[in-house]
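Shown below: final.pdb, with PDB, C-alpha atoms.
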ATOM      1  CA  MET A   1       0.078  21.519 -17.848
ATOM      2  CA  ALA A   2       3.703  22.451 -18.481
ATOM      3  CA  LYS A   3       4.585  26.085 -19.147
ATOM      4  CA  ILE A   4       6.816  27.101 -22.078
ATOM      5  CA  GLN A   5       9.803  27.664 -19.783
ATOM      6  CA  ASP A   6       9.484  24.111 -18.450
ATOM      7  CA  VAL A   7      10.231  22.546 -21.850
ATOM      8  CA  SER A   8      13.991  22.802 -21.319
ATOM      9  CA  GLY A   9      13.655  20.723 -18.128
ATOM     10  CA  ILE A  10      11.696  18.054 -19.981
ATOM     11  CA  GLN A  11      14.311  18.041 -22.747
ATOM     12  CA  GLN A  12      17.064  17.542 -20.174
ATOM     13  CA  ILE A  13      15.247  14.544 -18.642
ATOM     14  CA  TRP A  14      14.656  13.133 -22.135
ATOM     15  CA  ASP A  15      18.312  13.507 -23.109
ATOM     16  CA  ASN A  16      19.460  11.906 -19.849
ATOM     17  CA  MET A  17      17.226   8.848 -20.415
ATOM     18  CA  LYS A  18      18.387   8.674 -24.029
ATOM     19  CA  ASP A  19      22.046   8.647 -22.927
ATOM     20  CA  HIS A  20      21.370   5.814 -20.482
ATOM     21  CA  LYS A  21      19.182   3.974 -23.034
ATOM     22  CA  LYS A  22      16.416   3.581 -20.474
ATOM     23  CA  PHE A  23      13.083   5.302 -21.014
ATOM     24  CA  GLN A  24      10.678   5.877 -18.098
ATOM     25  CA  MET A  25       7.340   7.434 -18.969
ATOM     26  CA  MET A  26       6.734   8.271 -15.294
ATOM     27  CA  LYS A  27       9.661  10.725 -15.268
ATOM     28  CA  ILE A  28       8.266  12.578 -18.282
ATOM     29  CA  TYR A  29       4.761  12.571 -16.784
ATOM     30  CA  GLU A  30       5.998  13.958 -13.450
ATOM     31  CA  SER A  31       8.069  16.642 -15.153
ATOM     32  CA  ILE A  32       4.969  17.811 -17.016
ATOM     33  CA  MET A  33       2.367  17.429 -14.261
ATOM     34  CA  GLY A  34       4.574  17.997 -11.221
ATOM     35  CA  SER A  35       5.049  15.623  -8.296
ATOM     36  CA  ASN A  36       2.097  17.203  -6.451
ATOM     37  CA  SER A  37      -0.297  15.781  -9.058
ATOM     38  CA  ARG A  38      -0.276  12.372  -7.362
ATOM     39  CA  THR A  39      -3.459  11.567  -5.529
ATOM     40  CA  ASP A  40      -3.529  10.359  -1.949
ATOM     41  CA  TRP A  41      -4.385   6.843  -3.202
ATOM     42  CA  TYR A  42      -1.578   6.653  -5.783
ATOM     43  CA  HIS A  43       0.421   4.197  -3.631
ATOM     44  CA  LEU A  44      -2.577   1.858  -3.509
ATOM     45  CA  MET A  45      -2.545   1.425  -7.291
ATOM     46  CA  SER A  46       1.227   1.496  -7.744
ATOM     47  CA  HIS A  47       2.916  -1.943  -7.895
ATOM     48  CA  ASN A  48      -0.394  -3.652  -7.165
ATOM     49  CA  ILE A  49      -0.377  -7.279  -8.390
ATOM     50  CA  ALA A  50      -4.180  -7.552  -8.373
ATOM     51  CA  ARG A  51      -5.961  -8.192 -11.662
ATOM     52  CA  PRO A  52      -6.366  -5.103 -13.885
ATOM     53  CA  ARG A  53     -10.172  -5.417 -13.852
ATOM     54  CA  ALA A  54     -10.100  -5.457 -10.036
ATOM     55  CA  LYS A  55      -7.954  -2.302  -9.992
ATOM     56  CA  VAL A  56     -10.457  -0.568 -12.297
ATOM     57  CA  ILE A  57     -13.332  -1.394  -9.931
ATOM     58  CA  LEU A  58     -11.302  -0.173  -6.938
ATOM     59  CA  TRP A  59     -10.521   3.064  -8.775
ATOM     60  CA  LEU A  60     -14.209   3.576  -9.576
ATOM     61  CA  ALA A  61     -15.127   2.851  -5.954
ATOM     62  CA  ILE A  62     -12.598   5.383  -4.635
ATOM     63  CA  GLN A  63     -14.030   7.970  -7.049
ATOM     64  CA  ASP A  64     -17.573   7.009  -5.923
ATOM     65  CA  ARG A  65     -18.404   6.113  -9.521
ATOM     66  CA  LEU A  66     -19.695   2.575  -9.043
ATOM     67  CA  ALA A  67     -23.224   2.130 -10.391
ATOM     68  CA  THR A  68     -24.768   1.595  -6.962
ATOM     69  CA  LYS A  69     -28.510   2.028  -6.547
ATOM     70  CA  VAL A  70     -28.060   5.432  -4.870
ATOM     71  CA  ARG A  71     -25.937   6.665  -7.793
ATOM     72  CA  LEU A  72     -28.403   5.309 -10.354
ATOM     73  CA  HIS A  73     -31.237   6.982  -8.424
ATOM     74  CA  ARG A  74     -29.373  10.306  -8.525
ATOM     75  CA  LEU A  75     -29.052   9.919 -12.287
ATOM     76  CA  GLY A  76     -32.800   9.293 -12.562
ATOM     77  CA  LEU A  77     -32.329   5.714 -13.750
ATOM     78  CA  LEU A  78     -33.705   3.831 -10.737
ATOM     79  CA  GLN A  79     -36.290   4.346  -8.014
ATOM     80  CA  ASP A  80     -35.282   1.591  -5.585
ATOM     81  CA  MET A  81     -32.238   2.514  -3.467
ATOM     82  CA  MET A  82     -32.338  -0.422  -1.018
ATOM     83  CA  CYS A  83     -29.146  -2.487  -0.683
ATOM     84  CA  SER A  84     -29.359  -5.569  -2.907
ATOM     85  CA  LEU A  85     -27.693  -7.724  -0.243
ATOM     86  CA  CYS A  86     -29.036  -6.843   3.202
ATOM     87  CA  LEU A  87     -32.199  -4.913   2.211
ATOM     88  CA  ALA A  88     -31.662  -2.799   5.332
ATOM     89  CA  ALA A  89     -30.108   0.479   4.087
ATOM     90  CA  ASP A  90     -29.567   2.571   0.983
ATOM     91  CA  GLU A  91     -27.011   1.052  -1.350
ATOM     92  CA  ASN A  92     -24.206   3.579  -1.703
ATOM     93  CA  THR A  93     -20.515   2.729  -2.113
ATOM     94  CA  THR A  94     -19.650   3.054   1.574
ATOM     95  CA  HIS A  95     -22.540   0.913   2.757
ATOM     96  CA  LEU A  96     -22.079  -1.779   0.111
ATOM     97  CA  LEU A  97     -18.339  -2.202   0.570
ATOM     98  CA  PHE A  98     -17.872  -1.602   4.300
ATOM     99  CA  GLN A  99     -21.112  -1.532   6.299
ATOM    100  CA  CYS A 100     -23.438  -4.123   4.802
ATOM    101  CA  SER A 101     -23.917  -7.138   7.098
ATOM    102  CA  HIS A 102     -23.174  -9.423   4.137
ATOM    103  CA  THR A 103     -19.836  -7.849   3.217
ATOM    104  CA  VAL A 104     -18.432  -7.204   6.705
ATOM    105  CA  GLY A 105     -17.854 -10.947   7.055
ATOM    106  CA  ILE A 106     -15.851 -11.039   3.825
ATOM    107  CA  TRP A 107     -13.474  -8.346   5.121
ATOM    108  CA  GLN A 108     -13.174 -10.087   8.479
ATOM    109  CA  ALA A 109     -12.371 -13.501   6.985
ATOM    110  CA  LEU A 110      -9.745 -12.185   4.571
ATOM    111  CA  LEU A 111      -8.048  -9.835   7.032
ATOM    112  CA  ASP A 112      -7.910 -12.729   9.508
ATOM    113  CA  TRP A 113      -6.270 -14.806   6.767
ATOM    114  CA  LEU A 114      -3.608 -12.095   6.450
ATOM    115  CA  GLY A 115      -3.214 -11.930  10.231
ATOM    116  CA  ILE A 116      -4.408  -8.323  10.425
ATOM    117  CA  LYS A 117      -6.377  -7.113  13.439
ATOM    118  CA  VAL A 118      -8.580  -4.086  12.848
ATOM    119  CA  ASP A 119      -9.605  -1.831  15.743
ATOM    120  CA  THR A 120     -11.194   0.926  13.664
ATOM    121  CA  PRO A 121     -13.990   0.857  11.066
ATOM    122  CA  ILE A 122     -12.850  -0.238   7.620
ATOM    123  CA  ASP A 123     -13.318   2.492   5.023
ATOM    124  CA  PHE A 124     -11.299   4.188   2.292
ATOM    125  CA  HIS A 125      -9.440   6.312   4.837
ATOM    126  CA  TRP A 126      -8.351   3.164   6.689
ATOM    127  CA  ILE A 127      -7.344   1.514   3.392
ATOM    128  CA  LYS A 128      -5.215   4.499   2.362
ATOM    129  CA  GLN A 129      -3.467   4.542   5.731
ATOM    130  CA  VAL A 130      -2.860   0.804   6.115
ATOM    131  CA  THR A 131      -1.443   0.379   2.597
ATOM    132  CA  LYS A 132       1.127   3.170   2.865
ATOM    133  CA  GLY A 133       4.738   2.085   2.871
ATOM    134  CA  LYS A 134       6.782  -0.519   1.080
ATOM    135  CA  GLY A 135       7.439  -4.199   1.548
ATOM    136  CA  LYS A 136       6.114  -7.589   0.536
ATOM    137  CA  HIS A 137       3.365  -7.694   3.164
ATOM    138  CA  LYS A 138       2.085  -4.255   2.097
ATOM    139  CA  GLY A 139       2.115  -5.419  -1.510
ATOM    140  CA  LEU A 140      -0.031  -8.459  -0.751
ATOM    141  CA  LEU A 141      -2.340  -6.365   1.419
ATOM    142  CA  LYS A 142      -2.911  -3.899  -1.439
ATOM    143  CA  ALA A 143      -3.705  -6.734  -3.826
ATOM    144  CA  THR A 144      -6.016  -8.444  -1.333
ATOM    145  CA  ILE A 145      -7.966  -5.242  -0.623
ATOM    146  CA  THR A 146      -8.311  -4.625  -4.353
ATOM    147  CA  GLU A 147      -9.612  -8.142  -4.957
ATOM    148  CA  ILE A 148     -12.016  -7.870  -1.983
ATOM    149  CA  VAL A 149     -13.614  -4.739  -3.456
ATOM    150  CA  TYR A 150     -13.878  -6.438  -6.844
ATOM    151  CA  GLY A 151     -15.272  -9.622  -5.283
ATOM    152  CA  ILE A 152     -17.945  -7.714  -3.354
ATOM    153  CA  TRP A 153     -18.964  -5.794  -6.452
ATOM    154  CA  MET A 154     -19.276  -8.979  -8.508
ATOM    155  CA  TYR A 155     -21.141 -10.688  -5.640
ATOM    156  CA  ARG A 156     -23.620  -7.814  -5.560
ATOM    157  CA  ASN A 157     -24.104  -7.978  -9.334
ATOM    158  CA  LYS A 158     -24.758 -11.729  -9.222
ATOM    159  CA  ARG A 159     -27.370 -11.240  -6.535
ATOM    160  CA  ILE A 160     -29.154  -8.684  -8.731
ATOM    161  CA  PHE A 161     -28.885 -10.366 -12.113
ATOM    162  CA  GLU A 162     -28.680 -14.055 -11.215
ATOM    163  CA  GLY A 163     -30.338 -14.274  -7.796
ATOM    164  CA  VAL A 164     -27.551 -16.417  -6.313
ATOM    165  CA  GLY A 165     -27.860 -17.679  -2.712
ATOM    166  CA  THR A 166     -26.279 -15.429  -0.097
ATOM    167  CA  ASN A 167     -24.387 -17.787   2.226
ATOM    168  CA  ARG A 168     -22.965 -19.797  -0.639
ATOM    169  CA  ASP A 169     -21.686 -16.676  -2.387
ATOM    170  CA  ILE A 170     -20.066 -15.096   0.689
ATOM    171  CA  GLN A 171     -17.936 -18.207   1.063
ATOM    172  CA  HIS A 172     -17.183 -18.207  -2.650
ATOM    173  CA  VAL A 173     -16.085 -14.554  -2.617
ATOM    174  CA  THR A 174     -13.646 -15.285   0.216
ATOM    175  CA  LYS A 175     -12.294 -18.401  -1.500
ATOM    176  CA  ASP A 176     -12.002 -16.660  -4.882
ATOM    177  CA  VAL A 177     -10.008 -13.773  -3.380
ATOM    178  CA  ILE A 178      -7.617 -16.171  -1.630
ATOM    179  CA  ASP A 179      -7.213 -18.267  -4.786
ATOM    180  CA  THR A 180      -6.505 -15.147  -6.858
ATOM    181  CA  ILE A 181      -3.953 -13.757  -4.395
ATOM    182  CA  VAL A 182      -2.196 -17.128  -4.087
ATOM    183  CA  TYR A 183      -2.045 -17.521  -7.872
ATOM    184  CA  ARG A 184      -0.889 -13.986  -8.650
ATOM    185  CA  GLY A 185       1.478 -13.915  -5.685
ATOM    186  CA  TRP A 186       3.034 -17.225  -6.705
ATOM    187  CA  LEU A 187       3.739 -15.867 -10.193
ATOM    188  CA  ASN A 188       5.866 -13.161  -8.576
ATOM    189  CA  PRO A 189       9.007 -14.617  -6.882
ATOM    190  CA  THR A 190       8.982 -11.681  -4.438
ATOM    191  CA  TYR A 191       5.807 -12.945  -2.780
ATOM    192  CA  ARG A 192       6.247 -16.730  -2.864
ATOM    193  CA  LYS A 193       7.662 -17.181   0.638
ATOM    194  CA  ILE A 194       4.888 -15.080   2.158
ATOM    195  CA  ILE A 195       2.252 -17.005   0.220
ATOM    196  CA  VAL A 196       3.656 -20.275   1.577
ATOM    197  CA  ASN A 197       3.350 -18.923   5.141
ATOM    198  CA  TYR A 198      -0.271 -17.896   4.569
ATOM    199  CA  LEU A 199      -1.108 -21.361   3.250
ATOM    200  CA  MET A 200       0.389 -23.216   6.231
TER     201      MET A 200
END
Do you think you could lay out the structure here as C-alpha coordinates?
Amino acid sequence: MAKIQDVSGIQQIWDNMKDHKKFQMMKIYESIMGSNSRTDWYHLMSHNIARPRAKVILWLAIQDRLATKVRLHRLGLLQDMMCSLCLAADENTTHLLFQCSHTVGIWQALLDWLGIKVDTPIDFHWIKQVTKGKGKHKGLLKATITEIVYGIWMYRNKRIFEGVGTNRDIQHVTKDVIDTIVYRGWLNPTYRKIIVNYLM
(Lines of atoms letter the chains of each structure in order from A and count residues from 1; the text may use other names and numbers.)
(Lines give C-alpha, C1' and ligand atoms only; values in the text may rest on other atoms or scores of the structure.)
Protein backbone atom coordinates (compact mmCIF):
# COMPACT_ATOMS: atom_id res chain seq x y z
CA MET A 1 0.00 0.00 0.00
CA ALA A 2 0.97 3.65 -0.33
CA LYS A 3 3.28 5.19 2.26
CA ILE A 4 2.48 8.53 3.93
CA GLN A 5 5.03 10.37 1.78
CA ASP A 6 3.34 9.08 -1.38
CA VAL A 7 0.09 10.94 -0.65
CA SER A 8 1.39 14.16 -2.21
CA GLY A 9 2.00 12.29 -5.49
CA ILE A 10 -1.55 10.93 -5.46
CA GLN A 11 -2.89 14.42 -4.75
CA GLN A 12 -0.95 15.79 -7.71
CA ILE A 13 -2.42 13.14 -10.05
CA TRP A 14 -5.89 13.85 -8.65
CA ASP A 15 -5.54 17.60 -9.16
CA ASN A 16 -4.25 17.10 -12.71
CA MET A 17 -7.26 14.91 -13.64
CA LYS A 18 -9.58 17.42 -11.97
CA ASP A 19 -8.12 20.27 -14.05
CA HIS A 20 -8.62 18.30 -17.26
CA LYS A 21 -12.09 17.12 -16.13
CA LYS A 22 -11.20 13.53 -16.94
CA PHE A 23 -11.02 10.96 -14.16
CA GLN A 24 -9.13 7.67 -14.66
CA MET A 25 -9.29 5.21 -11.79
CA MET A 26 -6.34 3.27 -13.24
CA LYS A 27 -3.99 6.22 -12.66
CA ILE A 28 -4.99 6.43 -9.00
CA TYR A 29 -4.69 2.65 -8.61
CA GLU A 30 -1.21 2.58 -10.17
CA SER A 31 -0.03 5.50 -8.04
CA ILE A 32 -1.08 3.60 -4.92
CA MET A 33 -0.03 0.08 -5.90
CA GLY A 34 2.87 0.91 -8.21
CA SER A 35 3.26 -0.16 -11.84
CA ASN A 36 5.02 -3.38 -10.77
CA SER A 37 1.77 -4.66 -9.24
CA ARG A 38 0.50 -5.77 -12.66
CA THR A 39 0.52 -9.50 -13.14
CA ASP A 40 2.06 -11.18 -16.16
CA TRP A 41 -1.46 -11.90 -17.50
CA TYR A 42 -2.77 -8.33 -17.10
CA HIS A 43 -2.66 -7.72 -20.87
CA LEU A 44 -4.84 -10.78 -21.44
CA MET A 45 -7.69 -9.26 -19.42
CA SER A 46 -7.18 -5.66 -20.51
CA HIS A 47 -9.38 -4.52 -23.43
CA ASN A 48 -10.78 -8.03 -23.82
CA ILE A 49 -14.18 -7.98 -25.58
CA ALA A 50 -15.13 -11.46 -24.35
CA ARG A 51 -18.16 -11.81 -22.09
CA PRO A 52 -17.55 -10.87 -18.43
CA ARG A 53 -18.52 -14.37 -17.24
CA ALA A 54 -15.96 -15.86 -19.65
CA LYS A 55 -13.26 -13.53 -18.30
CA VAL A 56 -14.08 -14.63 -14.73
CA ILE A 57 -13.66 -18.30 -15.68
CA LEU A 58 -10.36 -17.53 -17.45
CA TRP A 59 -9.14 -15.66 -14.37
CA LEU A 60 -10.07 -18.60 -12.13
CA ALA A 61 -8.33 -21.00 -14.52
CA ILE A 62 -5.13 -18.93 -14.53
CA GLN A 63 -5.21 -18.90 -10.72
CA ASP A 64 -5.85 -22.69 -10.74
CA ARG A 65 -9.08 -22.09 -8.83
CA LEU A 66 -11.53 -23.91 -11.09
CA ALA A 67 -13.47 -26.60 -9.24
CA THR A 68 -11.85 -29.47 -11.14
CA LYS A 69 -12.02 -32.96 -9.69
CA VAL A 70 -8.38 -32.80 -8.53
CA ARG A 71 -9.05 -29.53 -6.68
CA LEU A 72 -12.24 -30.89 -5.11
CA HIS A 73 -10.32 -34.03 -4.08
CA ARG A 74 -7.65 -31.87 -2.42
CA LEU A 75 -10.39 -30.10 -0.49
CA GLY A 76 -11.78 -33.45 0.66
CA LEU A 77 -15.03 -33.00 -1.26
CA LEU A 78 -14.62 -35.72 -3.90
CA GLN A 79 -12.94 -39.10 -4.25
CA ASP A 80 -13.06 -39.53 -8.03
CA MET A 81 -10.36 -37.53 -9.85
CA MET A 82 -10.81 -38.99 -13.35
CA CYS A 83 -11.41 -36.51 -16.18
CA SER A 84 -15.14 -36.19 -16.87
CA LEU A 85 -14.54 -36.05 -20.62
CA CYS A 86 -11.86 -38.56 -21.63
CA LEU A 87 -11.80 -40.76 -18.50
CA ALA A 88 -8.08 -41.28 -19.16
CA ALA A 89 -6.28 -38.94 -16.71
CA ASP A 90 -6.78 -36.92 -13.55
CA GLU A 91 -8.91 -33.85 -14.13
CA ASN A 92 -6.78 -30.85 -13.22
CA THR A 93 -6.92 -27.45 -14.94
CA THR A 94 -4.02 -28.13 -17.32
CA HIS A 95 -5.33 -31.50 -18.44
CA LEU A 96 -8.94 -30.35 -18.84
CA LEU A 97 -8.17 -27.21 -20.83
CA PHE A 98 -5.14 -28.23 -22.89
CA GLN A 99 -4.39 -31.97 -22.85
CA CYS A 100 -7.72 -33.80 -22.84
CA SER A 101 -8.41 -35.55 -26.16
CA HIS A 102 -11.88 -33.97 -26.20
CA THR A 103 -10.70 -30.37 -25.80
CA VAL A 104 -7.61 -30.44 -28.03
CA GLY A 105 -9.91 -30.55 -31.06
CA ILE A 106 -11.75 -27.43 -29.88
CA TRP A 107 -8.48 -25.46 -29.71
CA GLN A 108 -7.39 -26.79 -33.10
CA ALA A 109 -10.66 -25.89 -34.84
CA LEU A 110 -10.83 -22.36 -33.43
CA LEU A 111 -7.15 -21.53 -33.96
CA ASP A 112 -7.51 -22.79 -37.54
CA TRP A 113 -10.50 -20.45 -37.91
CA LEU A 114 -8.25 -17.57 -36.84
CA GLY A 115 -5.51 -18.73 -39.20
CA ILE A 116 -3.05 -19.43 -36.38
CA LYS A 117 -0.56 -22.28 -36.66
CA VAL A 118 0.74 -23.64 -33.37
CA ASP A 119 4.09 -25.45 -33.21
CA THR A 120 4.32 -25.69 -29.42
CA PRO A 121 1.96 -27.17 -26.81
CA ILE A 122 -0.91 -24.87 -25.88
CA ASP A 123 -0.82 -23.89 -22.21
CA PHE A 124 -1.04 -20.73 -20.12
CA HIS A 125 2.56 -19.81 -20.92
CA TRP A 126 1.79 -19.99 -24.64
CA ILE A 127 -1.40 -17.94 -24.13
CA LYS A 128 0.46 -15.22 -22.23
CA GLN A 129 3.11 -15.00 -24.94
CA VAL A 130 0.84 -15.09 -27.99
CA THR A 131 -1.55 -12.43 -26.65
CA LYS A 132 1.14 -9.86 -25.85
CA GLY A 133 1.10 -6.74 -27.97
CA LYS A 134 -1.54 -4.50 -29.43
CA GLY A 135 -3.71 -4.57 -32.52
CA LYS A 136 -7.07 -5.79 -33.74
CA HIS A 137 -5.93 -9.36 -34.40
CA LYS A 138 -4.46 -9.64 -30.88
CA GLY A 139 -7.71 -8.29 -29.47
CA LEU A 140 -9.80 -10.93 -31.23
CA LEU A 141 -7.31 -13.63 -30.25
CA LYS A 142 -7.60 -12.67 -26.57
CA ALA A 143 -11.39 -12.78 -26.76
CA THR A 144 -11.39 -16.10 -28.61
CA ILE A 145 -9.03 -17.74 -26.10
CA THR A 146 -11.18 -16.45 -23.24
CA GLU A 147 -14.35 -17.84 -24.82
CA ILE A 148 -12.64 -21.19 -25.56
CA VAL A 149 -11.73 -21.63 -21.88
CA TYR A 150 -15.27 -20.71 -20.87
CA GLY A 151 -16.77 -23.01 -23.51
CA ILE A 152 -14.65 -25.97 -22.37
CA TRP A 153 -15.58 -25.38 -18.75
CA MET A 154 -19.29 -25.23 -19.57
CA TYR A 155 -18.95 -28.31 -21.82
CA ARG A 156 -17.36 -30.21 -18.94
CA ASN A 157 -20.12 -29.13 -16.55
CA LYS A 158 -22.84 -30.25 -18.97
CA ARG A 159 -21.21 -33.65 -19.30
CA ILE A 160 -21.23 -34.04 -15.51
CA PHE A 161 -24.65 -32.63 -14.69
CA GLU A 162 -26.63 -33.29 -17.87
CA GLY A 163 -24.82 -36.21 -19.51
CA VAL A 164 -24.77 -34.57 -22.95
CA GLY A 165 -23.31 -36.48 -25.93
CA THR A 166 -19.63 -35.83 -26.58
CA ASN A 167 -19.35 -35.37 -30.35
CA ARG A 168 -22.42 -33.17 -30.51
CA ASP A 169 -21.12 -30.90 -27.76
CA ILE A 170 -17.60 -30.49 -29.17
CA GLN A 171 -19.13 -29.11 -32.36
CA HIS A 172 -21.48 -26.92 -30.35
CA VAL A 173 -18.64 -25.47 -28.26
CA THR A 174 -16.75 -24.51 -31.43
CA LYS A 175 -19.85 -22.99 -33.03
CA ASP A 176 -20.83 -21.13 -29.86
CA VAL A 177 -17.37 -19.56 -29.54
CA ILE A 178 -17.40 -18.42 -33.17
CA ASP A 179 -20.94 -17.04 -32.83
CA THR A 180 -19.98 -15.16 -29.66
CA ILE A 181 -16.81 -13.67 -31.18
CA VAL A 182 -18.64 -12.65 -34.36
CA TYR A 183 -21.44 -11.02 -32.36
CA ARG A 184 -19.22 -9.20 -29.87
CA GLY A 185 -16.69 -8.26 -32.54
CA TRP A 186 -19.42 -6.86 -34.78
CA LEU A 187 -20.66 -4.63 -31.96
CA ASN A 188 -17.22 -3.02 -31.89
CA PRO A 189 -16.47 -1.06 -35.12
CA THR A 190 -12.74 -1.70 -34.58
CA TYR A 191 -13.17 -5.40 -35.28
CA ARG A 192 -15.83 -5.46 -38.02
CA LYS A 193 -13.50 -5.67 -41.02
CA ILE A 194 -11.54 -8.52 -39.46
CA ILE A 195 -14.75 -10.36 -38.60
CA VAL A 196 -15.88 -10.07 -42.23
CA ASN A 197 -12.57 -11.62 -43.38
CA TYR A 198 -12.96 -14.53 -40.95
CA LEU A 199 -16.48 -15.20 -42.22
CA MET A 200 -15.49 -15.30 -45.90
(request) Measuring atom to atom with only C-alpha atoms, identify which of A:Gly9, A:Thr131, A:Asp15, A:Leu110 is nearest to A:Lys175. (result)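 Counting only C-alpha atoms, the residue closest to A:Lys175 is A:Leu110.
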(message) Could you list, as a ChimeraX atom specification, every residue matched by the PyMOL selection byres ((chain A and resi 84) around 10) in this structure?
(response) /A:68-69,80-83,85-91,96,100,156-160
(message) Expand the PyMOL selection byres ((chain A and resi 50-59) around 10) into the explicit residue set it covers here, and present it as an NGL selection string.
(response) :A and (41 or 44-45 or 47-49 or 60-66 or 139-140 or 142-151 or 153-154 or 177 or 180-181 or 184-185)
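Of note, atom CA of A:Lys193 and atom CA of A:Asp112 are spaced 18.5 Å apart.
Taking only C-alpha atoms into account, A:Phe98 lies nearest to A:Thr120 out of the set A:Thr120, A:Thr190, A:Gln129, A:Gln24.
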